[in-house]
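run32.txt (compact mmCIF, C-alpha atoms and all ligand atoms) appears below.
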```txt
# COMPACT_ATOMS: atom_id res chain seq x y z
CA MET A 1 118.15 72.95 38.86
CA ARG A 2 114.79 74.02 37.46
CA PRO A 3 112.56 76.12 39.75
CA VAL A 4 109.28 74.79 41.14
CA ILE A 5 106.48 77.17 40.15
CA ILE A 6 102.84 77.53 41.14
CA ALA A 7 101.11 80.03 38.87
CA ALA A 8 97.54 81.15 39.54
CA ASN A 9 95.38 82.03 36.54
CA TRP A 10 92.40 83.89 37.93
CA LYS A 11 90.85 84.21 34.45
CA MET A 12 87.85 86.62 34.38
CA ASN A 13 87.32 86.52 38.14
CA THR A 14 87.78 89.09 40.95
CA THR A 15 87.34 92.86 40.88
CA PRO A 16 89.67 95.72 41.85
CA ALA A 17 87.72 95.87 45.13
CA ASP A 18 88.40 92.27 46.19
CA ALA A 19 91.49 91.11 44.27
CA GLY A 20 94.05 92.74 46.57
CA GLU A 21 92.64 91.10 49.69
CA LEU A 22 92.53 87.69 48.03
CA ALA A 23 96.11 88.06 46.80
CA ALA A 24 97.32 89.14 50.25
CA THR A 25 95.55 86.19 51.89
CA ILE A 26 97.08 83.75 49.42
CA ALA A 27 100.53 85.28 49.89
CA ALA A 28 100.27 84.92 53.67
CA ARG A 29 99.02 81.31 53.42
CA THR A 30 101.72 80.17 50.96
CA GLU A 31 104.94 81.34 52.55
CA GLU A 32 106.97 78.23 51.74
CA PRO A 33 110.67 78.26 50.88
CA GLY A 34 111.82 77.38 47.40
CA VAL A 35 108.55 77.81 45.49
CA VAL A 36 108.09 80.50 42.86
CA ARG A 37 104.57 81.90 43.28
CA VAL A 38 102.81 83.90 40.58
CA ILE A 39 99.32 85.41 40.58
CA CYS A 40 97.75 86.42 37.26
CA PRO A 41 94.58 88.45 37.85
CA PRO A 42 92.52 90.27 35.18
CA TYR A 43 94.22 93.40 33.80
CA ILE A 44 91.92 95.67 35.74
CA CYS A 45 93.05 94.09 39.03
CA LEU A 46 96.80 94.19 38.34
CA ALA A 47 97.43 97.41 40.28
CA ALA A 48 95.46 96.24 43.31
CA VAL A 49 97.26 92.88 43.34
CA ARG A 50 100.66 94.51 42.83
CA ASP A 51 100.03 96.82 45.79
CA ALA A 52 98.76 93.99 47.99
CA LEU A 53 101.81 91.86 47.18
CA ALA A 54 104.45 94.56 47.67
CA GLY A 55 107.40 93.06 49.56
CA LYS A 56 105.82 89.59 49.66
CA ASN A 57 107.91 87.69 47.11
CA VAL A 58 104.91 86.75 44.99
CA ALA A 59 105.10 87.78 41.35
CA VAL A 60 102.25 89.37 39.42
CA GLY A 61 101.40 88.25 35.90
CA ALA A 62 99.02 89.28 33.14
CA GLN A 63 96.88 86.79 31.26
CA ASN A 64 97.63 88.12 27.76
CA VAL A 65 99.26 90.93 25.79
CA HIS A 66 98.70 92.33 22.32
CA HIS A 67 101.23 91.55 19.62
CA GLU A 68 101.75 95.19 18.62
CA GLN A 69 103.44 97.93 20.62
CA GLY A 70 100.58 100.41 20.40
CA GLY A 71 98.17 102.10 18.04
CA ALA A 72 94.61 101.65 16.83
CA TYR A 73 93.72 98.43 18.69
CA THR A 74 90.61 99.24 20.70
CA GLY A 75 90.35 97.40 23.97
CA GLU A 76 93.84 95.92 23.81
CA ILE A 77 96.86 96.15 26.13
CA SER A 78 100.48 96.08 24.92
CA ALA A 79 103.37 94.41 26.70
CA SER A 80 105.09 97.73 27.41
CA MET A 81 101.94 99.06 29.15
CA LEU A 82 102.40 96.39 31.81
CA ALA A 83 105.65 97.95 33.07
CA GLY A 84 105.39 98.39 36.82
CA LEU A 85 102.22 96.27 36.96
CA ALA A 86 103.29 92.75 36.01
CA THR A 87 106.50 90.82 35.52
CA TRP A 88 105.02 87.61 34.08
CA VAL A 89 102.51 86.93 31.32
CA ILE A 90 100.47 83.91 30.23
CA LEU A 91 100.40 83.48 26.45
CA GLY A 92 98.47 81.14 24.18
CA HIS A 93 96.00 79.93 26.80
CA SER A 94 93.58 77.48 25.18
CA GLU A 95 90.63 79.72 26.10
CA ARG A 96 92.18 82.46 23.97
CA ARG A 97 93.06 80.02 21.19
CA ARG A 98 89.41 78.86 21.22
CA ASP A 99 87.52 82.11 21.86
CA GLU A 100 89.81 84.72 20.33
CA PHE A 101 91.11 82.50 17.50
CA GLU A 102 94.74 82.99 18.49
CA ASP A 103 97.04 80.88 16.34
CA ASP A 104 100.64 79.84 16.86
CA GLU A 105 102.07 82.58 14.65
CA LEU A 106 100.20 85.29 16.55
CA ILE A 107 101.22 83.76 19.88
CA GLY A 108 104.83 83.78 18.68
CA LYS A 109 104.54 87.53 17.97
CA LYS A 110 103.14 88.11 21.44
CA LEU A 111 106.02 86.12 22.88
CA ALA A 112 108.56 88.33 21.15
CA ARG A 113 106.81 91.49 22.42
CA ALA A 114 106.60 90.12 25.93
CA ILE A 115 110.29 89.35 26.06
CA SER A 116 111.27 92.74 24.63
CA ALA A 117 109.21 94.34 27.39
CA GLY A 118 111.05 92.31 30.06
CA LEU A 119 108.12 90.02 30.89
CA ARG A 120 108.56 86.37 31.84
CA PRO A 121 106.30 84.34 29.56
CA ILE A 122 104.35 81.16 30.28
CA LEU A 123 103.51 79.66 26.89
CA CYS A 124 100.49 77.35 27.04
CA VAL A 125 100.22 74.34 24.76
CA GLY A 126 97.91 71.34 24.73
CA GLU A 127 95.73 69.08 22.64
CA VAL A 128 91.94 68.70 22.48
CA LEU A 129 90.37 65.37 23.44
CA ALA A 130 89.87 64.10 19.88
CA GLU A 131 93.56 64.68 19.20
CA ARG A 132 94.60 62.73 22.29
CA GLU A 133 92.20 59.92 21.47
CA ALA A 134 93.62 59.77 17.96
CA GLY A 135 97.13 59.40 19.41
CA ARG A 136 98.14 62.82 18.06
CA ALA A 137 98.79 64.72 21.31
CA VAL A 138 102.58 64.92 20.99
CA GLU A 139 102.37 65.87 17.32
CA VAL A 140 99.84 68.65 18.07
CA VAL A 141 101.91 70.11 20.90
CA ALA A 142 105.11 69.93 18.83
CA THR A 143 103.33 71.84 16.05
CA GLN A 144 102.20 74.50 18.53
CA LEU A 145 105.75 74.85 19.84
CA ARG A 146 107.29 75.09 16.39
CA GLY A 147 104.65 77.60 15.27
CA ALA A 148 105.28 79.94 18.19
CA LEU A 149 109.02 79.45 18.64
CA VAL A 150 110.64 78.97 15.26
CA GLY A 151 113.03 81.80 14.48
CA LYS A 152 112.85 83.21 18.01
CA ASP A 153 115.95 84.37 19.88
CA VAL A 154 116.67 81.37 22.10
CA GLU A 155 119.08 83.24 24.34
CA ALA A 156 116.53 86.00 24.93
CA LEU A 157 113.87 83.43 25.78
CA LEU A 158 116.16 81.64 28.21
CA ASN A 159 117.26 84.92 29.79
CA ALA A 160 113.61 85.86 30.22
CA GLY A 161 113.04 82.64 32.19
CA PHE A 162 110.72 81.21 29.54
CA VAL A 163 108.22 78.67 30.96
CA ILE A 164 105.93 76.23 29.14
CA ALA A 165 102.60 75.03 30.54
CA TYR A 166 101.25 71.76 29.17
CA GLU A 167 97.50 72.08 29.50
CA PRO A 168 95.42 69.40 27.80
CA VAL A 169 92.34 71.33 26.71
CA TRP A 170 89.97 68.57 27.83
CA ALA A 171 91.33 68.84 31.37
CA ILE A 172 90.85 72.60 31.82
CA GLY A 173 88.00 73.40 34.16
CA THR A 174 86.49 69.93 33.72
CA GLY A 175 87.60 68.17 36.90
CA ARG A 176 89.39 65.64 34.68
CA THR A 177 93.18 65.52 34.69
CA ALA A 178 95.77 63.89 32.51
CA SER A 179 97.47 60.97 34.20
CA SER A 180 100.73 62.02 35.77
CA ALA A 181 102.54 59.53 33.50
CA ASP A 182 101.00 61.08 30.36
CA ALA A 183 101.78 64.61 31.61
CA ALA A 184 105.37 63.62 32.37
CA ALA A 185 105.75 61.98 28.97
CA MET A 186 104.46 65.17 27.36
CA ALA A 187 106.90 67.32 29.36
CA GLU A 188 109.71 65.13 28.04
CA ALA A 189 108.35 65.35 24.50
CA ILE A 190 108.19 69.14 24.83
CA ARG A 191 111.86 69.33 25.81
CA ALA A 192 112.77 66.89 23.04
CA THR A 193 110.99 69.15 20.52
CA LEU A 194 112.87 72.19 21.80
CA ALA A 195 116.19 70.33 21.77
CA ALA A 196 115.95 68.61 18.41
CA ASP A 197 113.35 70.29 16.17
CA LEU A 198 114.04 73.82 17.34
CA GLY A 199 117.78 73.40 17.89
CA TRP A 200 117.90 74.42 21.55
CA GLY A 201 120.15 71.45 22.39
CA HIS A 202 120.95 71.02 26.06
CA ASN A 203 119.26 74.38 26.86
CA ALA A 204 115.90 72.59 26.57
CA GLU A 205 116.61 70.87 29.87
CA SER A 206 116.58 74.18 31.72
CA VAL A 207 113.06 75.15 30.58
CA PRO A 208 110.44 74.63 33.31
CA VAL A 209 107.36 72.72 32.16
CA LEU A 210 104.21 73.10 34.26
CA TYR A 211 101.12 70.92 34.14
CA GLY A 212 97.71 72.60 34.02
CA GLY A 213 94.20 71.18 33.93
CA SER A 214 91.98 70.76 37.00
CA VAL A 215 94.96 70.82 39.37
CA THR A 216 93.99 70.88 43.06
CA SER A 217 95.73 70.39 46.38
CA ALA A 218 94.51 66.78 46.27
CA ASN A 219 96.12 65.84 42.96
CA ILE A 220 99.13 68.14 42.54
CA GLY A 221 101.38 65.68 44.39
CA GLU A 222 101.03 63.14 41.57
CA PHE A 223 102.33 65.65 39.05
CA LEU A 224 105.10 67.03 41.25
CA ALA A 225 106.35 63.50 41.88
CA GLU A 226 107.37 63.46 38.21
CA HIS A 227 110.88 64.74 37.68
CA SER A 228 110.01 66.32 34.32
CA ILE A 229 107.15 68.44 35.73
CA ASP A 230 108.11 71.66 37.50
CA GLY A 231 104.83 72.88 38.97
CA GLY A 232 101.32 73.85 38.02
CA LEU A 233 99.35 76.49 36.15
CA VAL A 234 96.14 76.52 38.16
CA GLY A 235 92.78 78.04 37.27
CA GLY A 236 89.73 77.36 39.43
CA ALA A 237 91.57 76.15 42.53
CA SER A 238 93.83 79.20 42.52
CA LEU A 239 90.96 81.39 43.71
CA LYS A 240 90.74 79.45 46.98
CA PRO A 241 93.35 80.28 49.64
CA ASP A 242 93.07 76.80 51.23
CA GLU A 243 93.74 75.18 47.89
CA MET A 244 96.67 77.47 47.15
CA ALA A 245 98.12 76.77 50.59
CA GLY A 246 97.90 73.02 49.96
CA MET A 247 99.38 73.19 46.48
CA VAL A 248 102.29 75.43 47.46
CA ALA A 249 103.02 73.31 50.55
CA ARG A 250 103.28 70.23 48.31
CA ALA A 251 105.42 72.15 45.83
CA ALA A 252 107.78 73.08 48.66
CA VAL A 253 108.36 69.38 49.32
CA THR A 254 109.50 68.91 45.73
CA ALA A 255 111.61 72.09 45.84
CA LYS A 256 113.33 70.85 48.99
CA ALA A 257 113.96 67.39 47.53
CA ARG A 258 115.43 68.88 44.38
CA ALA A 259 117.68 71.20 46.36
CA ALA A 260 118.83 68.31 48.56
CA ALA A 261 119.60 66.21 45.47
CA GLU A 262 121.89 69.04 44.32
CA GLY A 263 123.38 69.55 47.77
CA LYS A 264 121.82 73.02 48.07
CA PRO A 265 119.54 74.57 50.73
CA ALA A 266 115.90 74.89 49.55
C1 LIG B 1 93.92 77.22 33.48
O1 LIG B 1 93.14 78.15 33.47
O2 LIG B 1 95.02 77.34 32.96
C2 LIG B 1 93.50 75.97 34.11
C3 LIG B 1 94.32 74.96 34.08
O3 LIG B 1 92.26 75.95 34.70
P1 LIG B 1 91.71 74.86 35.75
O4 LIG B 1 92.79 74.65 36.77
O5 LIG B 1 90.49 75.44 36.31
O6 LIG B 1 91.49 73.60 34.97
```

What is this file in structure tokens?
Ligand code: PEP
Amino acid sequence: MRPVIIAANWKMNTTPADAGELAATIAARTEEPGVVRVICPPYICLAAVRDALAGKNVAVGAQNVHHEQGGAYTGEISASMLAGLATWVILGHSERRRDEFEDDELIGKKLARAISAGLRPILCVGEVLAEREAGRAVEVVATQLRGALVGKDVEALLNAGFVIAYEPVWAIGTGRTASSADAAAMAEAIRATLAADLGWGHNAESVPVLYGGSVTSANIGEFLAEHSIDGGLVGGASLKPDEMAGMVARAAVTAKARAAAEGKPA
């Protein structure tokens, strides 16, 4: 049974002075059984969020790591530096692909570093609008997956709890979402790429695939109704406790239904 996950990407928002209080409020408002909750604040807020979430069963994630272990990389943070601060990390977000020119090979190197440091990675993939309109979305995402994952240690990725977030670029921060049917079809295509192209076989079925792109409490139900989608990577709405409460409450419904289908308690 794949977990149901709501991951908050706070992007370049909050400060060390206010992040802890926001995280604590969200934690208190989202105490639902069966949902994995993750908050990814800016690096500079990690310690405050970690302290605020102590004992609250909400994981802390970073939004990026450098691909090297250390050295002359001014302004960068390595995966090993996050020890004790974060247990998850977002990699390959489209804003970093666009603004920092991250390519699939580089993202693959970051992935390997993250796993060696014991971090649980969320690998973001997704097409731009022109690619979707040209009918190339699945091909683009498959290329991103192959570029980042080829030659990687599959067992290590699975043991790390590797997660993929399908985030169509045109849906991020725009108020536009993919249709739930298109998102579900992409989640299936992602697992098919892992299984066949990358040789993961039946292990592909155990990889959680999240949808991201203008997710809110009002629309998350459509995505969570799809069996192939295992939660959301949420940007803007994740800064609002009411929105987080609504999204996690809806995710708990799916978690409970999945547990019941397997004859397990949520
Ligand atoms: C994101 O940052 O990953 C994201 C999906 O943002 P938003 O929810 O604001 O579209």

Using all atoms listed in the file, find each residue of chain A with at least one atom at most 10 Å away from an atom of ligand LIG 1 (chain B); report its shortest atom-to-atom pair and that distance in Å (one decimal), sort the rows by chain and rising residue number, and return the result as JSON lines.
```
{"residue": "A:Ala7", "atom": "CA", "partner": "B:LIG1", "partner_atom": "O2", "distance": 8.9}
{"residue": "A:Ala8", "atom": "CA", "partner": "B:LIG1", "partner_atom": "O2", "distance": 8.0}
{"residue": "A:Asn9", "atom": "CA", "partner": "B:LIG1", "partner_atom": "O1", "distance": 5.4}
{"residue": "A:Trp10", "atom": "CA", "partner": "B:LIG1", "partner_atom": "O1", "distance": 7.3}
{"residue": "A:Lys11", "atom": "CA", "partner": "B:LIG1", "partner_atom": "O1", "distance": 6.6}
{"residue": "A:Gln63", "atom": "CA", "partner": "B:LIG1", "partner_atom": "O1", "distance": 9.7}
{"residue": "A:Ile90", "atom": "CA", "partner": "B:LIG1", "partner_atom": "O2", "distance": 9.0}
{"residue": "A:His93", "atom": "CA", "partner": "B:LIG1", "partner_atom": "O2", "distance": 6.8}
{"residue": "A:Ser94", "atom": "CA", "partner": "B:LIG1", "partner_atom": "O2", "distance": 7.9}
{"residue": "A:Glu95", "atom": "CA", "partner": "B:LIG1", "partner_atom": "O1", "distance": 7.9}
{"residue": "A:Cys124", "atom": "CA", "partner": "B:LIG1", "partner_atom": "O2", "distance": 8.1}
{"residue": "A:Ala165", "atom": "CA", "partner": "B:LIG1", "partner_atom": "O2", "distance": 8.3}
{"residue": "A:Tyr166", "atom": "CA", "partner": "B:LIG1", "partner_atom": "C3", "distance": 9.1}
{"residue": "A:Glu167", "atom": "CA", "partner": "B:LIG1", "partner_atom": "C3", "distance": 6.3}
{"residue": "A:Pro168", "atom": "CA", "partner": "B:LIG1", "partner_atom": "C3", "distance": 8.5}
{"residue": "A:Val169", "atom": "CA", "partner": "B:LIG1", "partner_atom": "C3", "distance": 8.5}
{"residue": "A:Trp170", "atom": "CA", "partner": "B:LIG1", "partner_atom": "O6", "distance": 8.9}
{"residue": "A:Ala171", "atom": "CA", "partner": "B:LIG1", "partner_atom": "O6", "distance": 6.0}
{"residue": "A:Ile172", "atom": "CA", "partner": "B:LIG1", "partner_atom": "O6", "distance": 3.4}
{"residue": "A:Gly173", "atom": "CA", "partner": "B:LIG1", "partner_atom": "O6", "distance": 3.6}
{"residue": "A:Thr174", "atom": "CA", "partner": "B:LIG1", "partner_atom": "O6", "distance": 6.3}
{"residue": "A:Gly175", "atom": "CA", "partner": "B:LIG1", "partner_atom": "O6", "distance": 7.0}
{"residue": "A:Arg176", "atom": "CA", "partner": "B:LIG1", "partner_atom": "O6", "distance": 8.2}
{"residue": "A:Thr177", "atom": "CA", "partner": "B:LIG1", "partner_atom": "O6", "distance": 8.3}
{"residue": "A:Tyr211", "atom": "CA", "partner": "B:LIG1", "partner_atom": "C3", "distance": 7.9}
{"residue": "A:Gly212", "atom": "CA", "partner": "B:LIG1", "partner_atom": "C3", "distance": 4.1}
{"residue": "A:Gly213", "atom": "CA", "partner": "B:LIG1", "partner_atom": "O6", "distance": 3.8}
{"residue": "A:Ser214", "atom": "CA", "partner": "B:LIG1", "partner_atom": "O6", "distance": 3.5}
{"residue": "A:Val215", "atom": "CA", "partner": "B:LIG1", "partner_atom": "O4", "distance": 5.1}
{"residue": "A:Thr216", "atom": "CA", "partner": "B:LIG1", "partner_atom": "O4", "distance": 7.4}
{"residue": "A:Gly232", "atom": "CA", "partner": "B:LIG1", "partner_atom": "C3", "distance": 8.1}
{"residue": "A:Leu233", "atom": "CA", "partner": "B:LIG1", "partner_atom": "O2", "distance": 5.4}
{"residue": "A:Val234", "atom": "CA", "partner": "B:LIG1", "partner_atom": "O4", "distance": 4.1}
{"residue": "A:Gly235", "atom": "CA", "partner": "B:LIG1", "partner_atom": "O3", "distance": 3.4}
{"residue": "A:Gly236", "atom": "CA", "partner": "B:LIG1", "partner_atom": "O5", "distance": 3.7}
{"residue": "A:Ala237", "atom": "CA", "partner": "B:LIG1", "partner_atom": "O4", "distance": 6.1}
{"residue": "A:Ser238", "atom": "CA", "partner": "B:LIG1", "partner_atom": "O4", "distance": 7.4}
{"residue": "A:Leu239", "atom": "CA", "partner": "B:LIG1", "partner_atom": "O5", "distance": 9.5}
```

Would you output that residue set with C-alpha atoms, as a PDB file, in the frame of the given file?
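Contents of result.pdb, freshly written:
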```pdb
ATOM      1  CA  ALA A   7     101.110  80.030  38.870  1.00  0.00           C
ATOM      2  CA  ALA A   8      97.540  81.150  39.540  1.00  0.00           C
ATOM      3  CA  ASN A   9      95.380  82.030  36.540  1.00  0.00           C
ATOM      4  CA  TRP A  10      92.400  83.890  37.930  1.00  0.00           C
ATOM      5  CA  LYS A  11      90.850  84.210  34.450  1.00  0.00           C
ATOM      6  CA  GLN A  63      96.880  86.790  31.260  1.00  0.00           C
ATOM      7  CA  ILE A  90     100.470  83.910  30.230  1.00  0.00           C
ATOM      8  CA  HIS A  93      96.000  79.930  26.800  1.00  0.00           C
ATOM      9  CA  SER A  94      93.580  77.480  25.180  1.00  0.00           C
ATOM     10  CA  GLU A  95      90.630  79.720  26.100  1.00  0.00           C
ATOM     11  CA  CYS A 124     100.490  77.350  27.040  1.00  0.00           C
ATOM     12  CA  ALA A 165     102.600  75.030  30.540  1.00  0.00           C
ATOM     13  CA  TYR A 166     101.250  71.760  29.170  1.00  0.00           C
ATOM     14  CA  GLU A 167      97.500  72.080  29.500  1.00  0.00           C
ATOM     15  CA  PRO A 168      95.420  69.400  27.800  1.00  0.00           C
ATOM     16  CA  VAL A 169      92.340  71.330  26.710  1.00  0.00           C
ATOM     17  CA  TRP A 170      89.970  68.570  27.830  1.00  0.00           C
ATOM     18  CA  ALA A 171      91.330  68.840  31.370  1.00  0.00           C
ATOM     19  CA  ILE A 172      90.850  72.600  31.820  1.00  0.00           C
ATOM     20  CA  GLY A 173      88.000  73.400  34.160  1.00  0.00           C
ATOM     21  CA  THR A 174      86.490  69.930  33.720  1.00  0.00           C
ATOM     22  CA  GLY A 175      87.600  68.170  36.900  1.00  0.00           C
ATOM     23  CA  ARG A 176      89.390  65.640  34.680  1.00  0.00           C
ATOM     24  CA  THR A 177      93.180  65.520  34.690  1.00  0.00           C
ATOM     25  CA  TYR A 211     101.120  70.920  34.140  1.00  0.00           C
ATOM     26  CA  GLY A 212      97.710  72.600  34.020  1.00  0.00           C
ATOM     27  CA  GLY A 213      94.200  71.180  33.930  1.00  0.00           C
ATOM     28  CA  SER A 214      91.980  70.760  37.000  1.00  0.00           C
ATOM     29  CA  VAL A 215      94.960  70.820  39.370  1.00  0.00           C
ATOM     30  CA  THR A 216      93.990  70.880  43.060  1.00  0.00           C
ATOM     31  CA  GLY A 232     101.320  73.850  38.020  1.00  0.00           C
ATOM     32  CA  LEU A 233      99.350  76.490  36.150  1.00  0.00           C
ATOM     33  CA  VAL A 234      96.140  76.520  38.160  1.00  0.00           C
ATOM     34  CA  GLY A 235      92.780  78.040  37.270  1.00  0.00           C
ATOM     35  CA  GLY A 236      89.730  77.360  39.430  1.00  0.00           C
ATOM     36  CA  ALA A 237      91.570  76.150  42.530  1.00  0.00           C
ATOM     37  CA  SER A 238      93.830  79.200  42.520  1.00  0.00           C
ATOM     38  CA  LEU A 239      90.960  81.390  43.710  1.00  0.00           C
TER      39      LEU A 239
END
```

- Task: Go through A:Val128, A:Val4, A:Ala86, A:Val65 one by one, measure the shortest atom-to-atom distance of each to Leu111 (chain A) using all atoms listed in the file, and give the residue with the smallest value.
- Result: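 The answer is A:Val65, which sits nearest to Leu111 (chain A).
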
Spatial sel., origin (104.7, 93.1, 43.4), limit 12 Å, only C-alpha atoms, listed as a short mmCIF file (atom, residue, chain, number, x, y, z; two decimals) with C-alpha atoms, keeping the file's coordinate frame:
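Result went into selection_36.cif, see below:
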```cif
data_model
loop_
_atom_site.label_atom_id
_atom_site.label_comp_id
_atom_site.auth_asym_id
_atom_site.auth_seq_id
_atom_site.Cartn_x
_atom_site.Cartn_y
_atom_site.Cartn_z
CA GLY A 20 94.05 92.74 46.57
CA ALA A 23 96.11 88.06 46.80
CA ALA A 24 97.32 89.14 50.25
CA ALA A 27 100.53 85.28 49.89
CA ARG A 37 104.57 81.90 43.28
CA VAL A 38 102.81 83.90 40.58
CA ILE A 39 99.32 85.41 40.58
CA CYS A 40 97.75 86.42 37.26
CA LEU A 46 96.80 94.19 38.34
CA ALA A 47 97.43 97.41 40.28
CA ALA A 48 95.46 96.24 43.31
CA VAL A 49 97.26 92.88 43.34
CA ARG A 50 100.66 94.51 42.83
CA ASP A 51 100.03 96.82 45.79
CA ALA A 52 98.76 93.99 47.99
CA LEU A 53 101.81 91.86 47.18
CA ALA A 54 104.45 94.56 47.67
CA GLY A 55 107.40 93.06 49.56
CA LYS A 56 105.82 89.59 49.66
CA ASN A 57 107.91 87.69 47.11
CA VAL A 58 104.91 86.75 44.99
CA ALA A 59 105.10 87.78 41.35
CA VAL A 60 102.25 89.37 39.42
CA GLY A 61 101.40 88.25 35.90
CA ALA A 83 105.65 97.95 33.07
CA GLY A 84 105.39 98.39 36.82
CA LEU A 85 102.22 96.27 36.96
CA ALA A 86 103.29 92.75 36.01
CA THR A 87 106.50 90.82 35.52
CA TRP A 88 105.02 87.61 34.08
#
```

Identify, on the basis of all atoms listed in the file, every residue whose closest approach to Leu158 (chain A) does not exceed 9 Å; exclude the query and any residue fewer than 4 positions from it along the same chain; express the result as a PDB file with C-alpha atoms, keeping the file's coordinate frame.
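Listing of around29.pdb after writing:
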```pdb
ATOM      1  CA  ASP A 153     115.950  84.370  19.880  1.00  0.00           C
ATOM      2  CA  VAL A 154     116.670  81.370  22.100  1.00  0.00           C
ATOM      3  CA  PHE A 162     110.720  81.210  29.540  1.00  0.00           C
ATOM      4  CA  VAL A 163     108.220  78.670  30.960  1.00  0.00           C
ATOM      5  CA  ASN A 203     119.260  74.380  26.860  1.00  0.00           C
ATOM      6  CA  SER A 206     116.580  74.180  31.720  1.00  0.00           C
ATOM      7  CA  VAL A 207     113.060  75.150  30.580  1.00  0.00           C
TER       8      VAL A 207
END
```

- Non-local contacts of region 185-197 of chain A (8 Å; all atoms listed in the file; under 5 positions in same chain excluded) as a list in words: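 In the requested form, the answer reads Val138, Val141, Ala142, Leu145, Arg146, Tyr166, His202, Asn203, Ala204, Glu205, Val207, Val209, Ser228 and Ile229 of chain A.
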
- Message: When you count all atoms listed in the file, which of these residues is closest to Gly108 (chain A): A:Lys256, A:Arg29, A:Arg250, A:His66?
- Response: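 For Gly108 (chain A), the nearest of the given residues is A:His66.
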
- Note on the structure: re CA of Arg258 (chain A) and CA of Glu226 (chain A): distance 11.5 Å

- Radius query 7 Å about (90.2, 86.6, 42.7), atoms used: all atoms listed in the file, as a ChimeraX atom specification: /A:10,13-14,18-19,22,41,239

- Message: So the first atom is CA of Asn159 (chain A) and the second is CA of Val248 (chain A); what is the distance between them in Å, to one decimal place?
- Response: 25.0 Å

- Enter the distance from CA of Gly221 (chain A) to CA of Ser180 (chain A), in Å, rounded to one decimal.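 Taking CA of Gly221 (chain A) and CA of Ser180 (chain A), their separation equals 9.4 Å.
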
I'd like the neighbourhood of Gly231 (chain A) as a short mmCIF file (atom, residue, chain, number, x, y, z; two decimals) with C-alpha atoms, in the frame of the given file, where a residue qualifies if any of its atoms comes within 7 Å (using only C-alpha atoms), though same-chain residues fewer than 5 positions away should be ignored.
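The new file selection18.cif reads:
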```
data_model
loop_
_atom_site.label_atom_id
_atom_site.label_comp_id
_atom_site.auth_asym_id
_atom_site.auth_seq_id
_atom_site.Cartn_x
_atom_site.Cartn_y
_atom_site.Cartn_z
CA VAL A 4 109.28 74.79 41.14
CA ILE A 5 106.48 77.17 40.15
CA ILE A 6 102.84 77.53 41.14
CA LEU A 210 104.21 73.10 34.26
CA TYR A 211 101.12 70.92 34.14
CA LEU A 224 105.10 67.03 41.25
CA ALA A 251 105.42 72.15 45.83
#
```
